[in-house]
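Below you'll find the structure, written out as structure tokens, and then a few comments.
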Amino acid sequence: MVTLLNNGEGNVPALFTALENARFHIHMEYYIFTSDDVGNRVADILISKQKAGVEVRVIVDDEGSNHIKKLPQRFKEAGIPFLKTMPVAFGSLANSNYRDHRKIAIIDGTVGFIGGIIWMNVIGTMVNMPFNWRDTSLRIEGPAVNLLQVQFFLKLVFRGW
């Protein structure tokens, strides 16, 4: 089953609900993870779930998530593996746009999210702007979630995690 989520007002609550209902594992790979109200709420949910025995793993892009402040330390203290990929190196401007723009979340291997799902505060406010900002994503249930899980694990394997 696939559900189309057209904007932040639709996908943020759906993602929060799925995270809060996780029983076994949460795997997230995000280009942008911020330490604003929304990012801190996600972090609070992840830390709470880790303490409840749910396996949590987080991967972020070094450039896209360069404003995460103390979140990596909070994750480390909670025992959550946290990986920043593709460290920023200014050796070549030609390679500067090869970033990990993925935005995926896998919950218990049965529910997955992919697509826009940028949930930082600025995007939440842009949803209501007159120029029709759309942050389209998909909520996926069923066997197709396994493909998201494979992509997540491939990133871990290639990064030596």
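Scheme for the structure tokens: letters A, B, ... for chains in order shown; per-chain residue numbers from 1; ligand numbers from 1 in order shown.
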Contacts of stretch 137-143 of chain A at 8 Å (only C-alpha atoms; same-chain gap of 2+ positions) as a PDB file with N, CA, C and O atoms, in the first residue's frame:
```
ATOM      1  N   MET A   1       0.847  -1.172   0.000  1.00  0.00           N
ATOM      2  CA  MET A   1       0.000   0.000   0.000  1.00  0.00           C
ATOM      3  C   MET A   1       0.901   1.247   0.000  1.00  0.00           C
ATOM      4  O   MET A   1       1.875   1.316   0.732  1.00  0.00           O
ATOM      5  N   VAL A   2       0.564   2.218  -0.803  1.00  0.00           N
ATOM      6  CA  VAL A   2       1.301   3.471  -0.894  1.00  0.00           C
ATOM      7  C   VAL A   2       0.332   4.620  -0.648  1.00  0.00           C
ATOM      8  O   VAL A   2      -0.735   4.682  -1.249  1.00  0.00           O
ATOM      9  N   THR A   3       0.726   5.530   0.239  1.00  0.00           N
ATOM     10  CA  THR A   3      -0.076   6.711   0.529  1.00  0.00           C
ATOM     11  C   THR A   3       0.720   7.941   0.126  1.00  0.00           C
ATOM     12  O   THR A   3       1.865   8.108   0.562  1.00  0.00           O
ATOM     13  N   LEU A   4       0.139   8.788  -0.706  1.00  0.00           N
ATOM     14  CA  LEU A   4       0.778  10.021  -1.125  1.00  0.00           C
ATOM     15  C   LEU A   4       0.564  11.084  -0.050  1.00  0.00           C
ATOM     16  O   LEU A   4      -0.564  11.350   0.359  1.00  0.00           O
ATOM     17  N   LEU A   5       1.659  11.679   0.403  1.00  0.00           N
ATOM     18  CA  LEU A   5       1.611  12.760   1.397  1.00  0.00           C
ATOM     19  C   LEU A   5       2.093  14.018   0.696  1.00  0.00           C
ATOM     20  O   LEU A   5       3.245  14.112   0.285  1.00  0.00           O
ATOM     21  N   ASN A   6       1.206  15.000   0.536  1.00  0.00           N
ATOM     22  CA  ASN A   6       1.486  16.141  -0.329  1.00  0.00           C
ATOM     23  C   ASN A   6       2.301  17.261   0.277  1.00  0.00           C
ATOM     24  O   ASN A   6       2.819  18.097  -0.437  1.00  0.00           O
ATOM     25  N   ASN A   7       2.367  17.363   1.583  1.00  0.00           N
ATOM     26  CA  ASN A   7       3.083  18.497   2.159  1.00  0.00           C
ATOM     27  C   ASN A   7       3.491  18.194   3.599  1.00  0.00           C
ATOM     28  O   ASN A   7       3.154  17.153   4.145  1.00  0.00           O
ATOM     29  N   ASN A  11       2.897  14.919   5.917  1.00  0.00           N
ATOM     30  CA  ASN A  11       3.920  13.902   6.160  1.00  0.00           C
ATOM     31  C   ASN A  11       4.551  13.964   7.540  1.00  0.00           C
ATOM     32  O   ASN A  11       4.946  12.941   8.073  1.00  0.00           O
ATOM     33  N   THR A 110       8.233  -2.690   8.117  1.00  0.00           N
ATOM     34  CA  THR A 110       6.886  -2.800   7.553  1.00  0.00           C
ATOM     35  C   THR A 110       6.331  -1.471   7.051  1.00  0.00           C
ATOM     36  O   THR A 110       5.410  -1.459   6.246  1.00  0.00           O
ATOM     37  N   VAL A 111       6.874  -0.368   7.536  1.00  0.00           N
ATOM     38  CA  VAL A 111       6.427   0.964   7.122  1.00  0.00           C
ATOM     39  C   VAL A 111       7.659   1.760   6.703  1.00  0.00           C
ATOM     40  O   VAL A 111       8.679   1.767   7.403  1.00  0.00           O
ATOM     41  N   GLY A 112       7.563   2.419   5.567  1.00  0.00           N
ATOM     42  CA  GLY A 112       8.664   3.236   5.096  1.00  0.00           C
ATOM     43  C   GLY A 112       8.167   4.573   4.584  1.00  0.00           C
ATOM     44  O   GLY A 112       7.014   4.707   4.164  1.00  0.00           O
ATOM     45  N   PHE A 113       9.042   5.554   4.659  1.00  0.00           N
ATOM     46  CA  PHE A 113       8.761   6.887   4.120  1.00  0.00           C
ATOM     47  C   PHE A 113       9.906   7.246   3.200  1.00  0.00           C
ATOM     48  O   PHE A 113      11.073   7.010   3.509  1.00  0.00           O
ATOM     49  N   ILE A 114       9.559   7.842   2.062  1.00  0.00           N
ATOM     50  CA  ILE A 114      10.562   8.284   1.102  1.00  0.00           C
ATOM     51  C   ILE A 114      10.003   9.489   0.366  1.00  0.00           C
ATOM     52  O   ILE A 114       8.796   9.628   0.201  1.00  0.00           O
ATOM     53  N   GLY A 115      10.889  10.363  -0.055  1.00  0.00           N
ATOM     54  CA  GLY A 115      10.456  11.533  -0.809  1.00  0.00           C
ATOM     55  C   GLY A 115      10.952  12.807  -0.160  1.00  0.00           C
ATOM     56  O   GLY A 115      12.048  12.843   0.383  1.00  0.00           O
ATOM     57  N   GLY A 116      10.127  13.858  -0.202  1.00  0.00           N
ATOM     58  CA  GLY A 116      10.510  15.157   0.347  1.00  0.00           C
ATOM     59  C   GLY A 116      10.825  15.088   1.825  1.00  0.00           C
ATOM     60  O   GLY A 116      11.960  15.213   2.243  1.00  0.00           O
ATOM     61  N   ILE A 117       9.844  14.885   2.616  1.00  0.00           N
ATOM     62  CA  ILE A 117       9.938  14.734   4.072  1.00  0.00           C
ATOM     63  C   ILE A 117      11.044  15.578   4.701  1.00  0.00           C
ATOM     64  O   ILE A 117      11.833  15.099   5.476  1.00  0.00           O
ATOM     65  N   ASP A 135       5.965  19.512  -0.421  1.00  0.00           N
ATOM     66  CA  ASP A 135       6.974  18.615   0.107  1.00  0.00           C
ATOM     67  C   ASP A 135       6.401  17.207   0.004  1.00  0.00           C
ATOM     68  O   ASP A 135       5.954  16.625   0.978  1.00  0.00           O
ATOM     69  N   VAL A 145       8.914  -2.064   1.335  1.00  0.00           N
ATOM     70  CA  VAL A 145       9.737  -1.445   2.380  1.00  0.00           C
ATOM     71  C   VAL A 145      11.097  -2.138   2.458  1.00  0.00           C
ATOM     72  O   VAL A 145      12.099  -1.518   2.810  1.00  0.00           O
ATOM     73  N   ASN A 146      11.145  -3.413   2.072  1.00  0.00           N
ATOM     74  CA  ASN A 146      12.416  -4.136   2.093  1.00  0.00           C
ATOM     75  C   ASN A 146      13.461  -3.475   1.200  1.00  0.00           C
ATOM     76  O   ASN A 146      14.649  -3.511   1.502  1.00  0.00           O
ATOM     77  N   LEU A 147      13.039  -2.872   0.092  1.00  0.00           N
ATOM     78  CA  LEU A 147      13.986  -2.201  -0.800  1.00  0.00           C
ATOM     79  C   LEU A 147      14.599  -0.976  -0.124  1.00  0.00           C
ATOM     80  O   LEU A 147      15.782  -0.677  -0.314  1.00  0.00           O
TER      81      LEU A 147
END
```
Mind checking which residues fall within 10 Å of A:Ala78, counting only C-alpha atoms, ignoring those fewer than 3 positions away in the same chain, and posting them as a count of residues only? 12
For A:Val60, the nearest of the candidates A:Val38, A:Ala14, A:Ile106, A:Phe152, counting only C-alpha atoms: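 Checking each of A:Val38, A:Ala14, A:Ile106, A:Phe152 against A:Val60, counting only C-alpha atoms, the winner is A:Phe152.
The gap separating atom CA of A:Arg57 from atom CA of A:Lys103 is 13.8 Å, in Å to one decimal.
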Which residue gives the smallest distance to A:Thr17 among A:Asn40, A:Phe82, A:Ile45, A:Leu156, with only C-alpha atoms counted?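 Once distances to A:Thr17 are computed over only C-alpha atoms, the minimum belongs to A:Ile45.
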I'd like the neighbourhood of A:Leu71 as a compact mmCIF listing (two decimals) with N, CA, C and O atoms, in the first residue's frame, where a residue qualifies if any of its atoms comes within 10 Å (using only C-alpha atoms), though same-chain residues fewer than 3 positions away should be ignored.
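Saved the output as part-v3.txt:
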```
# COMPACT_ATOMS: atom_id res chain seq x y z
N PHE A 33 18.98 17.17 8.87
CA PHE A 33 18.48 16.91 10.22
C PHE A 33 18.89 18.15 11.02
O PHE A 33 20.07 18.48 11.07
N THR A 34 17.95 18.85 11.57
CA THR A 34 18.24 20.09 12.27
C THR A 34 17.91 19.96 13.76
O THR A 34 17.20 19.05 14.18
N SER A 35 18.43 20.90 14.54
CA SER A 35 18.14 20.88 15.97
C SER A 35 17.13 21.98 16.31
O SER A 35 17.23 22.63 17.34
N GLY A 39 13.16 18.94 14.56
CA GLY A 39 14.29 18.01 14.68
C GLY A 39 14.48 17.51 16.10
O GLY A 39 14.77 16.34 16.32
N ASN A 40 14.31 18.41 17.07
CA ASN A 40 14.43 17.99 18.46
C ASN A 40 13.31 17.04 18.86
O ASN A 40 13.51 16.12 19.65
N ALA A 43 14.32 13.75 17.50
CA ALA A 43 15.38 13.21 18.36
C ALA A 43 14.80 12.68 19.67
O ALA A 43 15.19 11.60 20.13
N ASP A 44 13.87 13.41 20.26
CA ASP A 44 13.25 12.96 21.51
C ASP A 44 12.53 11.62 21.32
O ASP A 44 12.63 10.73 22.16
N HIS A 67 23.86 21.81 10.99
CA HIS A 67 23.34 22.65 12.07
C HIS A 67 22.66 21.81 13.14
O HIS A 67 21.64 22.17 13.68
N ILE A 68 23.24 20.66 13.46
CA ILE A 68 22.58 19.76 14.39
C ILE A 68 23.05 19.95 15.83
O ILE A 68 22.56 19.27 16.72
N ARG A 74 23.71 13.75 22.08
CA ARG A 74 22.50 13.18 22.70
C ARG A 74 22.28 11.75 22.21
O ARG A 74 21.95 10.86 22.99
N PHE A 75 22.45 11.53 20.90
CA PHE A 75 22.29 10.19 20.35
C PHE A 75 23.34 9.24 20.93
O PHE A 75 23.03 8.12 21.30
N LYS A 76 24.57 9.70 21.00
CA LYS A 76 25.65 8.86 21.54
C LYS A 76 25.36 8.47 22.98
O LYS A 76 25.49 7.31 23.36
N GLU A 77 24.94 9.43 23.78
CA GLU A 77 24.61 9.15 25.18
C GLU A 77 23.46 8.17 25.31
O GLU A 77 23.39 7.40 26.28
N PHE A 82 25.04 6.82 15.15
CA PHE A 82 24.80 8.04 14.37
C PHE A 82 25.97 8.23 13.43
O PHE A 82 27.11 8.30 13.86
```
Which is closer to A:Asp36 than all the others in A:Lys70, A:Gln151, A:Gly53, A:Asp61, using only C-alpha atoms?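 Using only C-alpha atoms, the shortest distance to A:Asp36 belongs to A:Lys70.
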Can you check which residues of stretch 14-45 of chain A DSSP gives as helix (DSSP H, G or I) on the backbone and send them as a PyMOL selection string? chain A and resi 14-20+37-45
Residues within 6 Å of stretch 18-24 of chain A, only C-alpha atoms, excluding chain neighbours under 5 positions, as a PyMOL selection string: chain A and resi 54+107-108
Quick one: distance from atom CA of A:Ala52 to atom CA of A:Phe16 in Å, one decimal?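 Distance between the two atoms: 16.3 Å.
Taking atom CA of A:Ala144 as the reference point, atom CA of A:Val12 is found at 21.0 Å.
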